file my_file29.pdb (PDB, C-alpha atoms)
ATOM      1  CA  MET A   1      -9.813   5.799 -32.964  1.00  0.00           C
ATOM      2  CA  VAL A   2      -6.485   4.019 -32.516  1.00  0.00           C
ATOM      3  CA  ALA A   3      -5.940   2.046 -29.325  1.00  0.00           C
ATOM      4  CA  MET A   4      -2.804   2.858 -27.341  1.00  0.00           C
ATOM      5  CA  PRO A   5      -0.455  -0.157 -26.989  1.00  0.00           C
ATOM      6  CA  LYS A   6      -0.738  -1.576 -23.476  1.00  0.00           C
ATOM      7  CA  ASP A   7       2.872  -0.824 -22.465  1.00  0.00           C
ATOM      8  CA  LEU A   8       2.579   2.806 -23.561  1.00  0.00           C
ATOM      9  CA  ASN A   9      -0.430   3.393 -21.306  1.00  0.00           C
ATOM     10  CA  LYS A  10       1.930   3.324 -18.318  1.00  0.00           C
ATOM     11  CA  VAL A  11       4.233   5.908 -19.871  1.00  0.00           C
ATOM     12  CA  PHE A  12       1.562   8.335 -21.072  1.00  0.00           C
ATOM     13  CA  ARG A  13      -1.078   8.052 -18.408  1.00  0.00           C
ATOM     14  CA  ALA A  14      -2.844  11.215 -17.330  1.00  0.00           C
ATOM     15  CA  PRO A  15      -1.474  12.905 -14.193  1.00  0.00           C
ATOM     16  CA  ASP A  16      -3.354  12.274 -10.983  1.00  0.00           C
ATOM     17  CA  ASP A  17      -5.218  15.156  -9.379  1.00  0.00           C
ATOM     18  CA  CYS A  18      -3.575  15.706  -6.009  1.00  0.00           C
ATOM     19  CA  SER A  19      -5.350  18.953  -5.150  1.00  0.00           C
ATOM     20  CA  PHE A  20      -7.131  17.289  -2.216  1.00  0.00           C
ATOM     21  CA  CYS A  21      -3.716  17.162  -0.487  1.00  0.00           C
ATOM     22  CA  ARG A  22      -3.242  20.938  -0.389  1.00  0.00           C
ATOM     23  CA  GLY A  23      -2.936  22.334   3.103  1.00  0.00           C
ATOM     24  CA  ILE A  24      -2.287  19.025   4.856  1.00  0.00           C
ATOM     25  CA  LYS A  25       0.288  19.515   7.598  1.00  0.00           C
ATOM     26  CA  SER A  26       0.233  16.159   9.368  1.00  0.00           C
ATOM     27  CA  GLY A  27      -1.445  12.814   9.555  1.00  0.00           C
ATOM     28  CA  LYS A  28      -2.352  10.134  12.019  1.00  0.00           C
ATOM     29  CA  ARG A  29       0.275   7.502  12.862  1.00  0.00           C
ATOM     30  CA  ILE A  30      -1.046   3.973  13.338  1.00  0.00           C
ATOM     31  CA  SER A  31       0.295   0.445  13.657  1.00  0.00           C
ATOM     32  CA  ASN A  32      -0.879  -3.128  14.135  1.00  0.00           C
ATOM     33  CA  ILE A  33      -4.157  -2.528  12.323  1.00  0.00           C
ATOM     34  CA  ASP A  34      -6.472  -5.154  10.882  1.00  0.00           C
ATOM     35  CA  PRO A  35      -7.024  -4.777   7.096  1.00  0.00           C
ATOM     36  CA  ASP A  36     -10.810  -4.579   7.527  1.00  0.00           C
ATOM     37  CA  LYS A  37     -10.455  -1.839  10.129  1.00  0.00           C
ATOM     38  CA  PHE A  38      -7.946   0.009   7.915  1.00  0.00           C
ATOM     39  CA  GLU A  39     -10.407  -0.157   5.032  1.00  0.00           C
ATOM     40  CA  ASP A  40     -13.298   1.111   7.163  1.00  0.00           C
ATOM     41  CA  LEU A  41     -11.380   3.949   8.813  1.00  0.00           C
ATOM     42  CA  TYR A  42      -8.723   5.117   6.351  1.00  0.00           C
ATOM     43  CA  ALA A  43      -8.598   3.511   2.910  1.00  0.00           C
ATOM     44  CA  TYR A  44     -11.011   5.726   0.999  1.00  0.00           C
ATOM     45  CA  ASN A  45     -11.473   8.935   2.958  1.00  0.00           C
ATOM     46  CA  GLY A  46      -8.511  10.921   1.623  1.00  0.00           C
ATOM     47  CA  ASN A  47      -7.064  11.590   5.079  1.00  0.00           C
ATOM     48  CA  VAL A  48      -3.349  11.199   5.686  1.00  0.00           C
ATOM     49  CA  VAL A  49      -2.332   8.143   7.666  1.00  0.00           C
ATOM     50  CA  VAL A  50       1.139   6.705   8.222  1.00  0.00           C
ATOM     51  CA  VAL A  51       1.305   2.997   8.983  1.00  0.00           C
ATOM     52  CA  THR A  52       4.512   2.857  11.011  1.00  0.00           C
ATOM     53  CA  ASP A  53       4.934  -0.914  10.879  1.00  0.00           C
ATOM     54  CA  ALA A  54       3.992  -1.435   7.212  1.00  0.00           C
ATOM     55  CA  THR A  55       7.359  -3.004   6.374  1.00  0.00           C
ATOM     56  CA  LYS A  56       7.930  -4.939   9.589  1.00  0.00           C
ATOM     57  CA  ASN A  57       8.548  -8.281   7.854  1.00  0.00           C
ATOM     58  CA  TRP A  58      10.481  -6.964   4.862  1.00  0.00           C
ATOM     59  CA  THR A  59      14.171  -7.745   4.411  1.00  0.00           C
ATOM     60  CA  ALA A  60      14.459  -5.262   1.509  1.00  0.00           C
ATOM     61  CA  LEU A  61      15.411  -2.470   3.903  1.00  0.00           C
ATOM     62  CA  GLU A  62      18.552  -4.354   4.941  1.00  0.00           C
ATOM     63  CA  VAL A  63      19.339  -6.101   1.628  1.00  0.00           C
ATOM     64  CA  PHE A  64      18.633  -3.627  -1.183  1.00  0.00           C
ATOM     65  CA  ASP A  65      21.551  -1.379  -1.969  1.00  0.00           C
ATOM     66  CA  PHE A  66      23.490  -0.367  -5.078  1.00  0.00           C
ATOM     67  CA  TRP A  67      25.771  -3.411  -4.945  1.00  0.00           C
ATOM     68  CA  PHE A  68      22.948  -5.910  -4.448  1.00  0.00           C
ATOM     69  CA  LEU A  69      20.942  -4.519  -7.356  1.00  0.00           C
ATOM     70  CA  LYS A  70      23.958  -4.282  -9.649  1.00  0.00           C
ATOM     71  CA  GLN A  71      24.909  -7.881  -8.862  1.00  0.00           C
ATOM     72  CA  ILE A  72      21.478  -9.382  -9.548  1.00  0.00           C
ATOM     73  CA  TYR A  73      21.143  -7.514 -12.826  1.00  0.00           C
ATOM     74  CA  GLU A  74      24.600  -8.581 -13.973  1.00  0.00           C
ATOM     75  CA  ARG A  75      24.145 -12.186 -12.828  1.00  0.00           C
ATOM     76  CA  HIS A  76      20.582 -12.796 -13.992  1.00  0.00           C
ATOM     77  CA  ASP A  77      20.633 -10.855 -17.227  1.00  0.00           C
ATOM     78  CA  PRO A  78      23.864 -11.631 -19.091  1.00  0.00           C
ATOM     79  CA  THR A  79      22.366 -10.339 -22.367  1.00  0.00           C
ATOM     80  CA  GLY A  80      21.669  -6.916 -20.840  1.00  0.00           C
ATOM     81  CA  LYS A  81      18.082  -6.858 -22.151  1.00  0.00           C
ATOM     82  CA  SER A  82      16.806  -5.551 -18.785  1.00  0.00           C
ATOM     83  CA  PHE A  83      19.109  -2.593 -19.149  1.00  0.00           C
ATOM     84  CA  GLU A  84      16.963  -1.478 -22.084  1.00  0.00           C
ATOM     85  CA  CYS A  85      13.913  -1.017 -19.858  1.00  0.00           C
ATOM     86  CA  GLN A  86      12.626   2.435 -18.925  1.00  0.00           C
ATOM     87  CA  PHE A  87      15.329   4.482 -17.185  1.00  0.00           C
ATOM     88  CA  PHE A  88      14.932   7.709 -15.186  1.00  0.00           C
ATOM     89  CA  PRO A  89      18.256   9.605 -14.910  1.00  0.00           C
ATOM     90  CA  TYR A  90      16.771  12.557 -12.992  1.00  0.00           C
ATOM     91  CA  LYS A  91      19.552  15.140 -12.593  1.00  0.00           C
ATOM     92  CA  THR A  92      22.464  12.857 -13.444  1.00  0.00           C
ATOM     93  CA  ASN A  93      24.510  12.451 -16.590  1.00  0.00           C
ATOM     94  CA  PHE A  94      23.594   8.755 -16.887  1.00  0.00           C
ATOM     95  CA  THR A  95      21.871   7.635 -20.065  1.00  0.00           C
ATOM     96  CA  SER A  96      21.092   4.037 -19.071  1.00  0.00           C
ATOM     97  CA  LEU A  97      20.945   1.620 -16.164  1.00  0.00           C
ATOM     98  CA  LEU A  98      24.034  -0.129 -17.500  1.00  0.00           C
ATOM     99  CA  GLU A  99      25.946   3.160 -17.402  1.00  0.00           C
ATOM    100  CA  ALA A 100      24.680   3.951 -13.897  1.00  0.00           C
ATOM    101  CA  PHE A 101      25.735   0.519 -12.624  1.00  0.00           C
ATOM    102  CA  SER A 102      29.207   1.199 -14.058  1.00  0.00           C
ATOM    103  CA  MET A 103      29.948   4.205 -11.825  1.00  0.00           C
ATOM    104  CA  ASP A 104      33.052   3.953  -9.666  1.00  0.00           C
ATOM    105  CA  LYS A 105      32.973   2.932  -6.013  1.00  0.00           C
ATOM    106  CA  ASP A 106      33.855   6.399  -4.706  1.00  0.00           C
ATOM    107  CA  ARG A 107      30.840   7.922  -6.416  1.00  0.00           C
ATOM    108  CA  VAL A 108      28.572   5.093  -5.272  1.00  0.00           C
ATOM    109  CA  GLU A 109      29.644   5.845  -1.694  1.00  0.00           C
ATOM    110  CA  TYR A 110      29.273   9.643  -2.101  1.00  0.00           C
ATOM    111  CA  LYS A 111      32.942  10.257  -1.320  1.00  0.00           C
ATOM    112  CA  PRO A 112      33.970  13.948  -1.157  1.00  0.00           C
ATOM    113  CA  GLY A 113      34.596  15.398  -4.604  1.00  0.00           C
ATOM    114  CA  THR A 114      32.198  13.034  -6.388  1.00  0.00           C
ATOM    115  CA  GLU A 115      28.907  14.012  -7.976  1.00  0.00           C
ATOM    116  CA  PRO A 116      25.723  13.063  -6.139  1.00  0.00           C
ATOM    117  CA  TRP A 117      23.485  10.599  -7.942  1.00  0.00           C
ATOM    118  CA  TYR A 118      19.921   9.401  -7.923  1.00  0.00           C
ATOM    119  CA  PHE A 119      18.212   7.376 -10.639  1.00  0.00           C
ATOM    120  CA  GLY A 120      15.340   4.988 -11.125  1.00  0.00           C
ATOM    121  CA  TRP A 121      14.131   2.416 -13.614  1.00  0.00           C
ATOM    122  CA  SER A 122      11.381   0.014 -14.476  1.00  0.00           C
ATOM    123  CA  ASN A 123      12.212  -3.645 -14.109  1.00  0.00           C
ATOM    124  CA  CYS A 124      11.218  -5.746 -17.125  1.00  0.00           C
ATOM    125  CA  ASN A 125      12.897  -9.013 -16.155  1.00  0.00           C
ATOM    126  CA  GLU A 126      10.623 -11.557 -14.459  1.00  0.00           C
ATOM    127  CA  GLU A 127      13.522 -13.557 -13.010  1.00  0.00           C
ATOM    128  CA  ILE A 128      14.909 -10.445 -11.328  1.00  0.00           C
ATOM    129  CA  ALA A 129      11.418  -9.463 -10.180  1.00  0.00           C
ATOM    130  CA  ALA A 130      11.068 -12.838  -8.458  1.00  0.00           C
ATOM    131  CA  ILE A 131      14.342 -12.252  -6.585  1.00  0.00           C
ATOM    132  CA  LEU A 132      13.282  -8.766  -5.509  1.00  0.00           C
ATOM    133  CA  ARG A 133       9.886 -10.014  -4.338  1.00  0.00           C
ATOM    134  CA  GLN A 134      11.585 -12.402  -1.917  1.00  0.00           C
ATOM    135  CA  HIS A 135      12.418  -9.334   0.149  1.00  0.00           C
ATOM    136  CA  TYR A 136       9.026  -7.660   0.456  1.00  0.00           C
ATOM    137  CA  ASP A 137       5.360  -8.601   0.642  1.00  0.00           C
ATOM    138  CA  ARG A 138       2.111  -6.854   0.108  1.00  0.00           C
ATOM    139  CA  PRO A 139       1.685  -4.530   3.119  1.00  0.00           C
ATOM    140  CA  TYR A 140      -0.273  -6.491   5.700  1.00  0.00           C
ATOM    141  CA  PHE A 141      -2.807  -3.719   6.374  1.00  0.00           C
ATOM    142  CA  LEU A 142      -4.104  -3.291   2.802  1.00  0.00           C
ATOM    143  CA  PRO A 143      -7.663  -4.468   2.227  1.00  0.00           C
ATOM    144  CA  ARG A 144      -7.951  -7.708   0.298  1.00  0.00           C
ATOM    145  CA  THR A 145      -9.949  -5.873  -2.394  1.00  0.00           C
ATOM    146  CA  SER A 146      -7.317  -3.222  -3.098  1.00  0.00           C
TER     147      SER A 146
END

call {"tool": "encode", "arguments": {"input": "my_file29.pdb", "output": "C-alpha cells"}}
result
Amino acid sequence: MVAMPKDLNKVFRAPDDCSFCRGIKSGKRISNIDPDKFEDLYAYNGNVVVVTDATKNWTALEVFDFWFLKQIYERHDPTGKSFECQFFPYKTNFTSLLEAFSMDKDRVEYKPGTEPWYFGWSNCNEEIAAILRQHYDRPYFLPRTS
C-alpha cells in the first residue's frame, strides 16, 4: 500500500455524509453561551443551532474585502508563490488567483454590464495567514477540546 502525501489528503478526502440534515427546516438561535454548556447541549447531538454572536469580536467582517485581500497578497508575496496555491474558480473564467486579483474595478464592484464573480482559494503563505488571523479568533463558544 502506498501512503497518500499529506497535502493530497486534503484534496482527495472522502465526502462527508450529510444525510442526517435532510428535512431540517430550522434551528435554535442562541447567544452568550458558555463553551461547557454549548458542548453539553449542542456540540455533538446533530441538532441545528445558530450562535448569533459567534463573531462579535472579529474585525474581519469590516476589513476583509477584495481590495484588502489583493493588497496583502501583492505586498507580502512579491514572488507570487502564494498565487500557485489551490484555486477554486467556480463559474468564472479565472484560471488563477493572480488573474482574479487582476480584474478591473467595475467588475469588482459588480457594475451593470459586468460579469458576476465568485472564487475561492487555499492560503499557503504563513505571513499572510498571520495577517488574516489578526482579524478573527476561534469562536468563543467552541469547547476547548474541539

call {"tool": "atom_distance", "arguments": {"input": "my_file29.pdb", "atom1": "CA of Leu61 in chain A", "atom2": "CA of Ser82 in chain A"}}
result
22.9 Å

call {"tool": "resolve_selection", "arguments": {"input": "my_file29.pdb", "expression": "the PyMOL selection byres ((chain A and resi 122-137) around 10)", "output": "PyMOL selection string"}}
result
chain A and resi 54-64+69+72-73+75-77+81-88+97+120-121+138-140

call {"tool": "closest_residue", "arguments": {"input": "my_file29.pdb", "among": "A:Cys21, A:Leu142, A:Ile30, A:Val108", "to": "Asp65 in chain A", "atoms": "only C-alpha atoms"}}
result
A:Val108

call {"tool": "atom_distance", "arguments": {"input": "my_file29.pdb", "atom1": "CA of Pro143 in chain A", "atom2": "CA of Asp36 in chain A"}}
result
6.2 Å

call {"tool": "atom_distance", "arguments": {"input": "my_file29.pdb", "atom1": "CA of Val48 in chain A", "atom2": "CA of Lys25 in chain A"}}
result
9.3 Å

call {"tool": "axis_aligned_box", "arguments": {"input": "my_file29.pdb", "around": "range 13-24 of chain A", "padding_each_side": "4 Å", "output": "JSON"}}
result
{"center_x": -4.1, "center_y": 15.2, "center_z": -6.8, "size_x": 14.1, "size_y": 22.3, "size_z": 31.3}

call {"tool": "residues_around", "arguments": {"input": "my_file29.pdb", "residues": "Phe141 in chain A", "least_positions_apart": "5", "cutoff": "12 Å", "atoms": "all atoms listed in the file", "output": "PyMOL selection string"}}
result
chain A and resi 30-43+49-56+146

call {"tool": "residues_near_point", "arguments": {"input": "my_file29.pdb", "point": "(29.7, -0.2, -16.1)", "cutoff": "12 Å", "atoms": "only C-alpha atoms", "output": "compact mmCIF listing (two decimals) with C-alpha atoms, in the coordinates of the input"}}
result
# COMPACT_ATOMS: atom_id res chain seq x y z
CA LYS A 70 23.96 -4.28 -9.65
CA GLN A 71 24.91 -7.88 -8.86
CA TYR A 73 21.14 -7.51 -12.83
CA GLU A 74 24.60 -8.58 -13.97
CA GLY A 80 21.67 -6.92 -20.84
CA PHE A 83 19.11 -2.59 -19.15
CA PHE A 94 23.59 8.76 -16.89
CA THR A 95 21.87 7.64 -20.07
CA SER A 96 21.09 4.04 -19.07
CA LEU A 97 20.94 1.62 -16.16
CA LEU A 98 24.03 -0.13 -17.50
CA GLU A 99 25.95 3.16 -17.40
CA ALA A 100 24.68 3.95 -13.90
CA PHE A 101 25.74 0.52 -12.62
CA SER A 102 29.21 1.20 -14.06
CA MET A 103 29.95 4.20 -11.82
CA ASP A 104 33.05 3.95 -9.67
CA LYS A 105 32.97 2.93 -6.01

call {"tool": "decode", "arguments": {"input": "my_file29.pdb", "residues": "range 15-141 of chain A", "atoms": "C-alpha atoms", "output": "PDB file, in the first residue's frame"}}
result
ATOM      1  CA  PRO A  15     -17.117  13.343   1.157  1.00  0.00           C
ATOM      2  CA  ASP A  16     -18.894  13.781   4.456  1.00  0.00           C
ATOM      3  CA  ASP A  17     -22.240  12.073   4.952  1.00  0.00           C
ATOM      4  CA  CYS A  18     -24.760  14.856   5.462  1.00  0.00           C
ATOM      5  CA  SER A  19     -27.880  12.696   5.293  1.00  0.00           C
ATOM      6  CA  PHE A  20     -28.697  13.462   8.940  1.00  0.00           C
ATOM      7  CA  CYS A  21     -29.502  17.025   7.793  1.00  0.00           C
ATOM      8  CA  ARG A  22     -32.359  16.007   5.492  1.00  0.00           C
ATOM      9  CA  GLY A  23     -35.686  17.502   6.456  1.00  0.00           C
ATOM     10  CA  ILE A  24     -34.322  20.158   8.808  1.00  0.00           C
ATOM     11  CA  LYS A  25     -36.317  23.360   8.414  1.00  0.00           C
ATOM     12  CA  SER A  26     -34.978  25.499  11.248  1.00  0.00           C
ATOM     13  CA  GLY A  27     -32.717  25.574  14.235  1.00  0.00           C
ATOM     14  CA  LYS A  28     -32.402  27.157  17.622  1.00  0.00           C
ATOM     15  CA  ARG A  29     -30.805  30.612  17.851  1.00  0.00           C
ATOM     16  CA  ILE A  30     -28.572  31.179  20.870  1.00  0.00           C
ATOM     17  CA  SER A  31     -26.048  33.716  22.114  1.00  0.00           C
ATOM     18  CA  ASN A  32     -23.773  34.414  25.066  1.00  0.00           C
ATOM     19  CA  ILE A  33     -23.257  30.734  25.823  1.00  0.00           C
ATOM     20  CA  ASP A  34     -20.504  29.210  27.928  1.00  0.00           C
ATOM     21  CA  PRO A  35     -18.326  26.701  25.993  1.00  0.00           C
ATOM     22  CA  ASP A  36     -19.025  23.932  28.523  1.00  0.00           C
ATOM     23  CA  LYS A  37     -22.766  24.498  28.237  1.00  0.00           C
ATOM     24  CA  PHE A  38     -22.512  24.593  24.424  1.00  0.00           C
ATOM     25  CA  GLU A  39     -20.658  21.283  24.491  1.00  0.00           C
ATOM     26  CA  ASP A  40     -23.216  19.667  26.805  1.00  0.00           C
ATOM     27  CA  LEU A  41     -26.294  20.912  24.951  1.00  0.00           C
ATOM     28  CA  TYR A  42     -25.355  21.252  21.278  1.00  0.00           C
ATOM     29  CA  ALA A  43     -21.875  20.194  20.182  1.00  0.00           C
ATOM     30  CA  TYR A  44     -22.440  16.515  19.457  1.00  0.00           C
ATOM     31  CA  ASN A  45     -26.166  15.945  19.081  1.00  0.00           C
ATOM     32  CA  GLY A  46     -26.563  16.786  15.389  1.00  0.00           C
ATOM     33  CA  ASN A  47     -29.243  19.418  16.005  1.00  0.00           C
ATOM     34  CA  VAL A  48     -29.089  22.738  14.195  1.00  0.00           C
ATOM     35  CA  VAL A  49     -28.039  25.698  16.301  1.00  0.00           C
ATOM     36  CA  VAL A  50     -27.086  29.202  15.188  1.00  0.00           C
ATOM     37  CA  VAL A  51     -24.803  31.128  17.518  1.00  0.00           C
ATOM     38  CA  THR A  52     -25.811  34.690  16.674  1.00  0.00           C
ATOM     39  CA  ASP A  53     -22.873  36.380  18.385  1.00  0.00           C
ATOM     40  CA  ALA A  54     -20.129  33.973  17.252  1.00  0.00           C
ATOM     41  CA  THR A  55     -18.167  36.732  15.510  1.00  0.00           C
ATOM     42  CA  LYS A  56     -18.801  39.555  17.967  1.00  0.00           C
ATOM     43  CA  ASN A  57     -15.112  40.411  18.440  1.00  0.00           C
ATOM     44  CA  TRP A  58     -13.988  39.865  14.853  1.00  0.00           C
ATOM     45  CA  THR A  59     -12.847  42.773  12.691  1.00  0.00           C
ATOM     46  CA  ALA A  60     -12.769  40.563   9.563  1.00  0.00           C
ATOM     47  CA  LEU A  61     -16.371  41.462   8.756  1.00  0.00           C
ATOM     48  CA  GLU A  62     -15.426  45.129   8.359  1.00  0.00           C
ATOM     49  CA  VAL A  63     -11.877  44.700   6.989  1.00  0.00           C
ATOM     50  CA  PHE A  64     -11.923  41.776   4.547  1.00  0.00           C
ATOM     51  CA  ASP A  65     -12.881  42.765   1.042  1.00  0.00           C
ATOM     52  CA  PHE A  66     -11.451  42.280  -2.447  1.00  0.00           C
ATOM     53  CA  TRP A  67      -9.101  45.261  -2.164  1.00  0.00           C
ATOM     54  CA  PHE A  68      -7.758  44.291   1.259  1.00  0.00           C
ATOM     55  CA  LEU A  69      -7.020  40.728   0.177  1.00  0.00           C
ATOM     56  CA  LYS A  70      -5.472  41.784  -3.124  1.00  0.00           C
ATOM     57  CA  GLN A  71      -3.233  44.287  -1.337  1.00  0.00           C
ATOM     58  CA  ILE A  72      -1.898  41.864   1.278  1.00  0.00           C
ATOM     59  CA  TYR A  73      -1.156  39.217  -1.326  1.00  0.00           C
ATOM     60  CA  GLU A  74       0.642  41.696  -3.568  1.00  0.00           C
ATOM     61  CA  ARG A  75       2.551  43.302  -0.689  1.00  0.00           C
ATOM     62  CA  HIS A  76       3.526  40.193   1.263  1.00  0.00           C
ATOM     63  CA  ASP A  77       4.212  37.837  -1.602  1.00  0.00           C
ATOM     64  CA  PRO A  78       6.249  39.664  -4.253  1.00  0.00           C
ATOM     65  CA  THR A  79       7.339  36.341  -5.806  1.00  0.00           C
ATOM     66  CA  GLY A  80       3.722  35.286  -6.387  1.00  0.00           C
ATOM     67  CA  LYS A  81       4.292  31.830  -4.864  1.00  0.00           C
ATOM     68  CA  SER A  82       1.003  32.076  -2.917  1.00  0.00           C
ATOM     69  CA  PHE A  83      -0.808  32.539  -6.187  1.00  0.00           C
ATOM     70  CA  GLU A  84       0.144  28.959  -7.045  1.00  0.00           C
ATOM     71  CA  CYS A  85      -1.884  27.576  -4.139  1.00  0.00           C
ATOM     72  CA  GLN A  86      -5.172  25.752  -4.687  1.00  0.00           C
ATOM     73  CA  PHE A  87      -7.662  27.948  -6.560  1.00  0.00           C
ATOM     74  CA  PHE A  88     -11.423  27.441  -6.966  1.00  0.00           C
ATOM     75  CA  PRO A  89     -12.790  29.421  -9.954  1.00  0.00           C
ATOM     76  CA  TYR A  90     -16.368  28.140  -9.564  1.00  0.00           C
ATOM     77  CA  LYS A  91     -18.369  29.504 -12.514  1.00  0.00           C
ATOM     78  CA  THR A  92     -15.895  32.177 -13.586  1.00  0.00           C
ATOM     79  CA  ASN A  93     -13.371  32.294 -16.391  1.00  0.00           C
ATOM     80  CA  PHE A  94     -10.475  32.841 -13.962  1.00  0.00           C
ATOM     81  CA  THR A  95      -7.662  30.311 -14.006  1.00  0.00           C
ATOM     82  CA  SER A  96      -5.680  31.588 -11.008  1.00  0.00           C
ATOM     83  CA  LEU A  97      -5.800  33.882  -8.003  1.00  0.00           C
ATOM     84  CA  LEU A  98      -3.394  36.241  -9.745  1.00  0.00           C
ATOM     85  CA  GLU A  99      -5.785  36.514 -12.693  1.00  0.00           C
ATOM     86  CA  ALA A 100      -8.778  37.035 -10.395  1.00  0.00           C
ATOM     87  CA  PHE A 101      -6.977  39.804  -8.498  1.00  0.00           C
ATOM     88  CA  SER A 102      -6.295  41.483 -11.857  1.00  0.00           C
ATOM     89  CA  MET A 103      -9.966  42.057 -12.736  1.00  0.00           C
ATOM     90  CA  ASP A 104     -10.983  45.650 -13.382  1.00  0.00           C
ATOM     91  CA  LYS A 105     -12.636  47.850 -10.769  1.00  0.00           C
ATOM     92  CA  ASP A 106     -16.030  47.881 -12.497  1.00  0.00           C
ATOM     93  CA  ARG A 107     -16.253  44.104 -12.353  1.00  0.00           C
ATOM     94  CA  VAL A 108     -15.050  44.019  -8.746  1.00  0.00           C
ATOM     95  CA  GLU A 109     -17.899  46.394  -7.870  1.00  0.00           C
ATOM     96  CA  TYR A 110     -20.498  44.456  -9.924  1.00  0.00           C
ATOM     97  CA  LYS A 111     -21.215  47.448 -12.156  1.00  0.00           C
ATOM     98  CA  PRO A 112     -24.012  46.921 -14.727  1.00  0.00           C
ATOM     99  CA  GLY A 113     -22.777  45.085 -17.807  1.00  0.00           C
ATOM    100  CA  THR A 114     -20.000  43.222 -15.980  1.00  0.00           C
ATOM    101  CA  GLU A 115     -19.915  39.503 -15.297  1.00  0.00           C
ATOM    102  CA  PRO A 116     -20.640  38.354 -11.752  1.00  0.00           C
ATOM    103  CA  TRP A 117     -17.764  36.642  -9.983  1.00  0.00           C
ATOM    104  CA  TYR A 118     -17.132  34.363  -7.060  1.00  0.00           C
ATOM    105  CA  PHE A 119     -13.944  32.423  -6.367  1.00  0.00           C
ATOM    106  CA  GLY A 120     -12.039  30.870  -3.513  1.00  0.00           C
ATOM    107  CA  TRP A 121      -8.557  29.641  -2.714  1.00  0.00           C
ATOM    108  CA  SER A 122      -6.384  27.994  -0.137  1.00  0.00           C
ATOM    109  CA  ASN A 123      -3.831  30.212   1.528  1.00  0.00           C
ATOM    110  CA  CYS A 124      -0.338  28.699   1.645  1.00  0.00           C
ATOM    111  CA  ASN A 125       1.584  31.730   2.890  1.00  0.00           C
ATOM    112  CA  GLU A 126       2.208  31.816   6.649  1.00  0.00           C
ATOM    113  CA  GLU A 127       2.951  35.550   6.694  1.00  0.00           C
ATOM    114  CA  ILE A 128      -0.389  36.297   5.045  1.00  0.00           C
ATOM    115  CA  ALA A 129      -2.127  33.826   7.355  1.00  0.00           C
ATOM    116  CA  ALA A 130      -0.762  35.721  10.360  1.00  0.00           C
ATOM    117  CA  ILE A 131      -2.207  38.979   8.993  1.00  0.00           C
ATOM    118  CA  LEU A 132      -5.599  37.391   8.360  1.00  0.00           C
ATOM    119  CA  ARG A 133      -5.677  35.850  11.836  1.00  0.00           C
ATOM    120  CA  GLN A 134      -5.369  39.306  13.388  1.00  0.00           C
ATOM    121  CA  HIS A 135      -8.968  39.841  12.325  1.00  0.00           C
ATOM    122  CA  TYR A 136     -10.661  36.751  13.735  1.00  0.00           C
ATOM    123  CA  ASP A 137     -10.338  34.381  16.674  1.00  0.00           C
ATOM    124  CA  ARG A 138     -11.520  30.942  17.491  1.00  0.00           C
ATOM    125  CA  PRO A 139     -15.276  31.274  18.150  1.00  0.00           C
ATOM    126  CA  TYR A 140     -15.649  31.834  21.877  1.00  0.00           C
ATOM    127  CA  PHE A 141     -18.346  29.177  22.346  1.00  0.00           C
TER     128      PHE A 141
END
